[in-house]
>>> print(open('protein18.pdb').read())   # PDB, C-alpha atoms and all ligand atoms
MODEL        1
ATOM      1  CA  MET Z1080     213.653 -31.667  43.518  1.00  0.00           C
ATOM      2  CA  ASN Z1081     210.970 -33.720  45.199  1.00  0.00           C
ATOM      3  CA  ARG Z1082     208.565 -35.077  42.609  1.00  0.00           C
ATOM      4  CA  GLU Z1083     206.576 -37.224  45.026  1.00  0.00           C
ATOM      5  CA  PRO Z1084     202.985 -36.022  45.386  1.00  0.00           C
ATOM      6  CA  SER Z1085     202.530 -34.375  48.773  1.00  0.00           C
ATOM      7  CA  ILE Z1086     200.859 -36.366  51.524  1.00  0.00           C
ATOM      8  CA  VAL Z1087     197.888 -33.997  51.343  1.00  0.00           C
ATOM      9  CA  SER Z1088     197.323 -34.616  47.628  1.00  0.00           C
ATOM     10  CA  GLN Z1089     197.783 -38.376  48.161  1.00  0.00           C
ATOM     11  CA  ILE Z1090     195.138 -38.320  50.896  1.00  0.00           C
ATOM     12  CA  ALA Z1091     192.799 -36.208  48.754  1.00  0.00           C
ATOM     13  CA  ALA Z1092     193.139 -38.655  45.846  1.00  0.00           C
ATOM     14  CA  LYS Z1093     192.461 -41.599  48.149  1.00  0.00           C
ATOM     15  CA  LEU Z1094     189.394 -39.917  49.672  1.00  0.00           C
ATOM     16  CA  ASN Z1095     188.076 -39.389  46.168  1.00  0.00           C
ATOM     17  CA  GLU Z1096     188.752 -42.988  45.159  1.00  0.00           C
ATOM     18  CA  LEU Z1097     187.062 -44.385  48.284  1.00  0.00           C
ATOM     19  CA  GLN Z1098     183.989 -42.134  48.118  1.00  0.00           C
ATOM     20  CA  GLY Z1099     180.927 -44.175  49.107  1.00  0.00           C
ATOM     21  CA  VAL Z1100     182.866 -47.457  49.097  1.00  0.00           C
ATOM     22  CA  LEU Z1101     183.807 -47.907  52.729  1.00  0.00           C
ATOM     23  CA  PRO Z1102     181.306 -49.132  55.319  1.00  0.00           C
ATOM     24  CA  CYS Z1103     180.185 -46.728  58.015  1.00  0.00           C
ATOM     25  CA  ALA Z1104     182.744 -46.601  60.833  1.00  0.00           C
ATOM     26  CA  ILE Z1105     179.952 -46.565  63.433  1.00  0.00           C
ATOM     27  CA  CYS Z1106     177.068 -48.746  62.182  1.00  0.00           C
ATOM     28  CA  HIS Z1107     178.980 -50.635  59.410  1.00  0.00           C
ATOM     29  CA  GLN Z1108     176.307 -50.181  56.749  1.00  0.00           C
ATOM     30  CA  THR Z1109     177.055 -49.397  53.083  1.00  0.00           C
ATOM     31  CA  PRO Z1110     176.857 -47.368  50.985  1.00  0.00           C
ATOM     32  CA  THR Z1111     178.008 -44.315  52.884  1.00  0.00           C
ATOM     33  CA  LEU Z1112     177.572 -40.673  52.064  1.00  0.00           C
ATOM     34  CA  TYR Z1113     180.843 -39.425  53.543  1.00  0.00           C
ATOM     35  CA  THR Z1114     184.441 -40.565  53.555  1.00  0.00           C
ATOM     36  CA  GLY Z1115     186.828 -39.454  56.241  1.00  0.00           C
ATOM     37  CA  VAL Z1116     190.399 -40.027  57.244  1.00  0.00           C
ATOM     38  CA  PHE Z1117     191.876 -40.445  60.711  1.00  0.00           C
ATOM     39  CA  ILE Z1118     195.438 -39.162  60.928  1.00  0.00           C
ATOM     40  CA  PRO Z1119     196.830 -40.364  64.226  1.00  0.00           C
ATOM     41  CA  ASN Z1120     199.083 -38.392  66.549  1.00  0.00           C
ATOM     42  CA  GLU Z1121     202.226 -40.030  67.935  1.00  0.00           C
ATOM     43  CA  SER Z1122     200.595 -42.000  70.750  1.00  0.00           C
ATOM     44  CA  SER Z1123     197.610 -43.022  68.602  1.00  0.00           C
ATOM     45  CA  ASN Z1124     200.042 -44.084  65.901  1.00  0.00           C
ATOM     46  CA  LYS Z1125     201.561 -46.633  68.303  1.00  0.00           C
ATOM     47  CA  ARG Z1126     198.127 -47.929  69.285  1.00  0.00           C
ATOM     48  CA  ILE Z1127     197.190 -48.720  65.704  1.00  0.00           C
ATOM     49  CA  GLY Z1128     200.501 -50.484  65.138  1.00  0.00           C
ATOM     50  CA  SER Z1129     202.157 -48.224  62.591  1.00  0.00           C
ATOM     51  CA  PRO Z1130     205.748 -49.053  61.749  1.00  0.00           C
ATOM     52  CA  LYS Z1131     208.329 -46.689  63.299  1.00  0.00           C
ATOM     53  CA  ARG Z1132     208.637 -43.273  61.624  1.00  0.00           C
ATOM     54  CA  LYS Z1133     205.532 -43.963  59.519  1.00  0.00           C
ATOM     55  CA  THR Z1134     202.028 -42.644  59.984  1.00  0.00           C
ATOM     56  CA  ARG Z1135     199.185 -44.968  59.170  1.00  0.00           C
ATOM     57  CA  CYS Z1136     196.197 -42.995  57.945  1.00  0.00           C
ATOM     58  CA  VAL Z1137     192.899 -44.793  58.416  1.00  0.00           C
ATOM     59  CA  PHE Z1138     190.114 -44.143  55.910  1.00  0.00           C
ATOM     60  CA  TYR Z1139     186.509 -44.731  56.903  1.00  0.00           C
ATOM     61  CA  GLY Z1140     182.991 -44.176  55.665  1.00  0.00           C
ATOM     62  CA  LEU Z1141     180.175 -42.440  57.481  1.00  0.00           C
ATOM     63  CA  CYS Z1142     176.482 -42.759  56.714  1.00  0.00           C
ATOM     64  CA  GLU Z1143     174.012 -39.881  56.806  1.00  0.00           C
ATOM     65  CA  LYS Z1144     172.468 -41.050  60.093  1.00  0.00           C
ATOM     66  CA  CYS Z1145     175.762 -41.421  61.970  1.00  0.00           C
ATOM     67  CA  PHE Z1146     177.041 -38.141  60.538  1.00  0.00           C
ATOM     68  CA  GLN Z1147     174.271 -36.443  62.565  1.00  0.00           C
ATOM     69  CA  LEU Z1148     175.507 -37.913  65.868  1.00  0.00           C
ATOM     70  CA  PRO Z1149     176.954 -35.191  68.097  1.00  0.00           C
ATOM     71  CA  ASP Z1150     179.661 -37.541  69.438  1.00  0.00           C
ATOM     72  CA  LYS Z1151     180.525 -39.073  66.052  1.00  0.00           C
ATOM     73  CA  LEU Z1152     184.247 -38.274  66.171  1.00  0.00           C
ATOM     74  CA  LYS Z1153     184.659 -39.958  69.552  1.00  0.00           C
ATOM     75  CA  ARG Z1154     182.717 -43.007  68.353  1.00  0.00           C
ATOM     76  CA  ILE Z1155     184.726 -43.256  65.137  1.00  0.00           C
ATOM     77  CA  GLU Z1156     187.994 -43.088  67.069  1.00  0.00           C
ATOM     78  CA  GLN Z1157     186.858 -45.752  69.548  1.00  0.00           C
ATOM     79  CA  GLY Z1158     185.811 -47.998  66.665  1.00  0.00           C
ATOM     80  CA  LEU Z1159     189.149 -47.568  64.931  1.00  0.00           C
ATOM     81  CA  PHE Z1160     191.118 -48.390  68.055  1.00  0.00           C
ATOM     82  CA  TYR Z1161     188.922 -51.423  68.657  1.00  0.00           C
ATOM     83  CA  LYS Z1162     189.691 -52.583  65.131  1.00  0.00           C
ATOM     84  CA  PHE Z1163     193.430 -52.139  65.547  1.00  0.00           C
ATOM     85  CA  THR Z1164     193.736 -53.668  68.994  1.00  0.00           C
ATOM     86  CA  VAL Z1165     194.315 -57.372  69.419  1.00  0.00           C
ATOM     87  CA  HIS Z1166     191.529 -58.955  71.486  1.00  0.00           C
TER      88      HIS Z1166
HETATM   89 ZN    ZN C1201     176.310 -45.290  60.181  1.00  0.00          ZN
ENDMDL
END
>>> encode(input="protein18.pdb", output="structure tokens", more="lines below")
Ligand SMILES: [Zn+2]
Amino acid sequence: MNREPSIVSQIAAKLNELQGVLPCAICHQTPTLYTGVFIPNESSNKRIGSPKRKTRCVFYGLCEKCFQLPDKLKRIEQGLFYKFTVH
């Protein structure tokens, strides 16, 4: 029997723990009102440098102002890839 907590409950616990702690993924201010998680697909997983057969979930904060942006998801994703790309 598998006694490991499911990935979903692990993510939920982490989101709870990080509530308000992480800087905003777009404007970098703290504290933030929202906490989100980016779960990459296979090609995104490579771009953020996850080890093989592992998925690296990226947690981020979002402030009230940036939450209102209509293109917030695109901007968050671009910011995350910028962070995980060597320049
Ligand atoms: Zn913000």
>>> resolve_selection(input="protein18.pdb", expression="the PyMOL selection byres (((chain Z and resi 1150-1166) around 9) and not hetatm)", output="PyMOL selection string")
chain Z and resi 1104-1105+1117+1123+1126-1128+1137+1139+1141+1145-1149
>>> closest_residue(input="protein18.pdb", among="Z:Lys1133, Z:Lys1093, Z:His1107, Z:Lys1125", to="ligand ZN 1201 (chain C)", atoms="only C-alpha atoms and all ligand atoms")
Z:His1107
>>> atom_distance(input="protein18.pdb", atom1="atom CA of Z:Cys1103", atom2="atom CA of Z:Gln1089")
21.8 Å
>>> resolve_selection(input="protein18.pdb", expression="the PyMOL selection byres (((chain Z and resi 1116) around 9) and not hetatm)", output="PyMOL selection string")
chain Z and resi 1090+1094+1114-1115+1117-1118+1136-1140
>>> atom_distance(input="protein18.pdb", atom1="atom CA of Z:Ala1092", atom2="atom CA of Z:Thr1111")
17.6 Å
>>> atom_distance(input="protein18.pdb", atom1="atom CA of Z:Gln1108", atom2="atom CA of Z:Ser1129")
26.6 Å
